[in-house]
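Student: Here's a structure for you.
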Amino acid sequence: MSPKEGIYTYTIDAYLTDFRGKATLPMLGGFLLQAATRHAEERNFGYSFMTDQQRAWVLMRMTIELSEYPRNDTTIKLHTWVSDINKLFSERCFAFEDQDGNYIGYARSMWASIDLETRRPTNILDLQRMIELKSDRVCAIPSAAKIPSIKDVEFTTSFTVKYSDIDINEHLNSMKYIEHFIDVFPLEMFQEKEIKTFEINYIAEGQYGTTLDILQSKTELNKSVLEMKHHDKTICLARVTWQ
């Protein structure tokens, strides 16, 4: 293993699977965040280092693309590496490897560094150790893109951000956005299809106690764009492609 790349093993336990016995998208997303955290922490640009600098990593965008969902009682290896760095953003890539050594999916994510007091962006190029660990490995999917605002929307549901939704910053947990988004689809869709690609843009923080609406626009066959809003303010956008 290259020191620039982290490889972490996860077991798909029953509580991580859905009614089909397959890992859920939010659970796999949780593995991505765990791997990113471990990789950065082990290489001295993670949570501990950033907190000492009064800074924090903020996830801005993510794309997950899967050809197959791992099943209950199997293990996967998750590869992760830093693929690009500039002043404002860092890109981190992932590859899912099943227990037979086959690659079954990839993910790409975009991160910003913010000042904990001002909540404003800081210069990522200050992190020399991270620059040294940038990898040349190529990821098999495109970079996480900006999702355009949607028109001709249809209201689907609303929810209030509660205790089980929030993270250490008392904001809506990154994976809870995904969970609430995919819950708008009926069970029959999951019986007949799979989510091949899930793209998400985090725009604003979902605050504890606020009520958020989820709107949907079906842009084309097997593809939907979802928007999470608080009154007139867009909190998050997602694009879901089924197969």
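Identifiers for the structure tokens are assigned positionally: chains receive A, B, ... in sequence, residues are indexed from 1 per chain, and ligands are indexed from 1 in the order shown.
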So that I can see what lies close to Gln216 of chain A, please list as a list in words the residues with an atom at most 8 Å from it, counting only C-alpha atoms and leaving out residues fewer than 3 positions away in the same chain.
Tutor: Val153, Glu154, Phe155, Thr156, Ser224, Val225, Leu226 and Glu227 of chain A
Student: Got a sec: who's within 9 Å of Thr210 of chain A, counting only C-alpha atoms, leaving out chain neighbours fewer than 5 positions off, as a ChimeraX atom specification?
Tutor: /A:159-162,230
Student: Identify, on the basis of only C-alpha atoms, every residue whose closest approach to Leu32 of chain A does not exceed 9 Å; exclude the query and any residue fewer than 2 positions from it along the same chain; express the result as a compact mmCIF listing (two decimals) with N, CA, C and O atoms, in the first residue's frame.
Tutor:
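That gives us result_12.txt:
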```
# COMPACT_ATOMS: atom_id res chain seq x y z
N MET A 27 -25.37 3.98 4.90
CA MET A 27 -24.36 3.23 5.63
C MET A 27 -23.03 3.22 4.88
O MET A 27 -21.95 3.38 5.47
N LEU A 28 -23.08 3.05 3.56
CA LEU A 28 -21.86 3.09 2.76
C LEU A 28 -21.25 4.48 2.79
O LEU A 28 -20.02 4.64 2.85
N GLY A 29 -22.11 5.50 2.78
CA GLY A 29 -21.62 6.87 2.92
C GLY A 29 -20.92 7.08 4.25
O GLY A 29 -19.91 7.79 4.34
N GLY A 30 -21.46 6.45 5.29
CA GLY A 30 -20.82 6.53 6.60
C GLY A 30 -19.43 5.92 6.59
O GLY A 30 -18.49 6.44 7.21
N GLN A 34 -15.84 7.65 7.57
CA GLN A 34 -14.92 7.02 8.51
C GLN A 34 -13.53 6.86 7.89
O GLN A 34 -12.51 7.14 8.53
N ALA A 35 -13.49 6.37 6.65
CA ALA A 35 -12.21 6.17 5.98
C ALA A 35 -11.48 7.49 5.76
O ALA A 35 -10.27 7.59 5.97
N ALA A 36 -12.23 8.53 5.36
CA ALA A 36 -11.62 9.85 5.17
C ALA A 36 -11.04 10.37 6.48
O ALA A 36 -9.92 10.90 6.51
N THR A 37 -11.80 10.20 7.56
CA THR A 37 -11.33 10.67 8.87
C THR A 37 -10.07 9.94 9.31
O THR A 37 -9.10 10.55 9.76
N LEU A 78 -12.13 -0.44 1.53
CA LEU A 78 -12.37 0.90 1.03
C LEU A 78 -11.03 1.62 0.87
O LEU A 78 -10.31 1.82 1.86
N THR A 80 -8.90 4.97 -0.16
CA THR A 80 -9.12 6.41 -0.23
C THR A 80 -7.80 7.15 -0.40
O THR A 80 -6.75 6.72 0.11
N PHE A 94 -12.44 7.63 -3.57
CA PHE A 94 -12.62 6.34 -2.88
C PHE A 94 -12.87 5.26 -3.93
O PHE A 94 -13.42 5.52 -5.00
N ALA A 107 -16.24 6.69 -5.41
CA ALA A 107 -16.83 7.93 -4.91
C ALA A 107 -15.81 9.04 -5.01
O ALA A 107 -14.59 8.79 -4.94
```
Student: Of the candidates A:His180, A:Arg137, A:Arg55, A:Lys146, which shows the shortest atom-to-atom distance to Ala112 of chain A, using only C-alpha atoms?
Tutor: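 So, comparing all the options, the nearest one is A:Arg55.
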Student: Out of segment 17-242 of chain A, which residues get strand (DSSP E or B) from DSSP, as number ranges by chain?
Tutor: A: 17, 22-23, 55-66, 71, 75-85, 90-98, 103-115, 121, 154-160, 166, 171-172, 195-202, 207, 211-220, 223-230, 233-242
Student: Of the candidates A:Thr234, A:Ser174, A:Asn44, A:Gln191, which one gets nearest to Leu127 of chain A if we count only C-alpha atoms?
Tutor: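 That would be A:Asn44, the residue with the smallest distance to Leu127 of chain A.
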Student: Distance atom CA of Met50 of chain A-atom CA of Thr122 of chain A, one decimal place?
Tutor: 11.1 Å
Student: May I have all residues of segment 74-233 of chain A that DSSP, computed from the backbone, assigns to helix (DSSP H, G or I), given as number ranges by chain?
Tutor: A: 124-126, 128-132, 163-165, 174-182, 187-192
Student: Can those selected residues be exported to a file as a compact mmCIF listing (two decimals), in the first residue's frame so that it contains N, CA and C atoms?
Tutor:
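Just written: part.txt:
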```txt
# COMPACT_ATOMS: atom_id res chain seq x y z
N ILE A 124 -6.27 26.07 2.02
CA ILE A 124 -5.86 24.68 2.17
C ILE A 124 -4.40 24.48 1.80
N LEU A 125 -3.86 25.35 0.96
CA LEU A 125 -2.46 25.21 0.55
C LEU A 125 -1.50 25.45 1.71
N ASP A 126 -2.01 25.92 2.85
CA ASP A 126 -1.19 26.04 4.05
C ASP A 126 -0.81 24.67 4.62
N GLN A 128 0.94 21.81 4.28
CA GLN A 128 2.03 21.25 3.49
C GLN A 128 2.03 19.73 3.52
N ARG A 129 1.73 19.15 4.68
CA ARG A 129 1.73 17.69 4.79
C ARG A 129 0.71 17.07 3.85
N MET A 130 -0.42 17.71 3.70
CA MET A 130 -1.46 17.20 2.81
C MET A 130 -1.02 17.30 1.35
N ILE A 131 -0.35 18.38 1.00
CA ILE A 131 0.12 18.56 -0.36
C ILE A 131 1.11 17.45 -0.73
N GLU A 132 1.97 17.09 0.22
CA GLU A 132 2.96 16.04 -0.02
C GLU A 132 2.31 14.68 -0.25
N TYR A 163 -32.92 15.15 17.54
CA TYR A 163 -31.70 14.68 18.19
C TYR A 163 -30.92 13.67 17.36
N SER A 164 -31.61 12.66 16.83
CA SER A 164 -30.91 11.60 16.10
C SER A 164 -30.41 12.06 14.73
N ASP A 165 -30.77 13.27 14.32
CA ASP A 165 -30.33 13.80 13.02
C ASP A 165 -29.03 14.59 13.11
N SER A 174 -24.19 14.70 7.90
CA SER A 174 -24.00 14.59 6.45
C SER A 174 -24.75 13.41 5.84
N MET A 175 -24.77 12.27 6.54
CA MET A 175 -25.44 11.10 6.01
C MET A 175 -26.95 11.16 6.21
N LYS A 176 -27.41 11.98 7.14
CA LYS A 176 -28.85 12.13 7.35
C LYS A 176 -29.52 12.85 6.18
N TYR A 177 -28.76 13.75 5.52
CA TYR A 177 -29.29 14.37 4.30
C TYR A 177 -29.63 13.26 3.29
N ILE A 178 -28.68 12.33 3.10
CA ILE A 178 -28.88 11.24 2.14
C ILE A 178 -30.05 10.37 2.57
N GLU A 179 -30.11 10.05 3.84
CA GLU A 179 -31.18 9.19 4.36
C GLU A 179 -32.55 9.80 4.10
N HIS A 180 -32.70 11.08 4.40
CA HIS A 180 -34.00 11.74 4.19
C HIS A 180 -34.33 11.85 2.71
N PHE A 181 -33.31 12.05 1.87
CA PHE A 181 -33.55 12.14 0.43
C PHE A 181 -34.06 10.82 -0.14
N ILE A 182 -33.38 9.72 0.16
CA ILE A 182 -33.77 8.46 -0.49
C ILE A 182 -35.06 7.89 0.10
N LEU A 187 -41.05 1.95 -1.67
CA LEU A 187 -40.36 0.67 -1.53
C LEU A 187 -40.31 -0.10 -2.84
N GLU A 188 -41.35 0.06 -3.64
CA GLU A 188 -41.41 -0.68 -4.91
C GLU A 188 -40.22 -0.35 -5.82
N MET A 189 -39.73 0.87 -5.74
CA MET A 189 -38.60 1.23 -6.59
C MET A 189 -37.36 0.44 -6.20
N PHE A 190 -37.18 0.25 -4.89
CA PHE A 190 -36.01 -0.50 -4.42
C PHE A 190 -36.18 -2.00 -4.70
N GLN A 191 -37.41 -2.45 -4.86
CA GLN A 191 -37.65 -3.85 -5.22
C GLN A 191 -37.31 -4.12 -6.68
N GLU A 192 -37.45 -3.08 -7.51
CA GLU A 192 -37.28 -3.25 -8.95
C GLU A 192 -35.96 -2.72 -9.48
```
Student: Near segment 2-14 of chain A, counting only C-alpha atoms, which residues have an atom at most 8 Å away, once you skip same-chain residues fewer than 3 positions from it, shown as a PyMOL selection string?
Tutor: chain A and resi 17+21+23+31+35+39+70-82+133-135
Student: Which residue gives the smallest distance to Ser158 of chain A among A:Thr63, A:Ser113, A:Thr211, A:Asn173, with only C-alpha atoms counted?
Tutor: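 Result for the nearest residue to Ser158 of chain A: A:Thr211.
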Student: Between A:Glu97, A:Glu65, A:Ser90, A:Gly209, which is the closest to Val240 of chain A once you count only C-alpha atoms?
Tutor: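 Residue with the minimum atom-to-atom distance to Val240 of chain A: A:Glu65.
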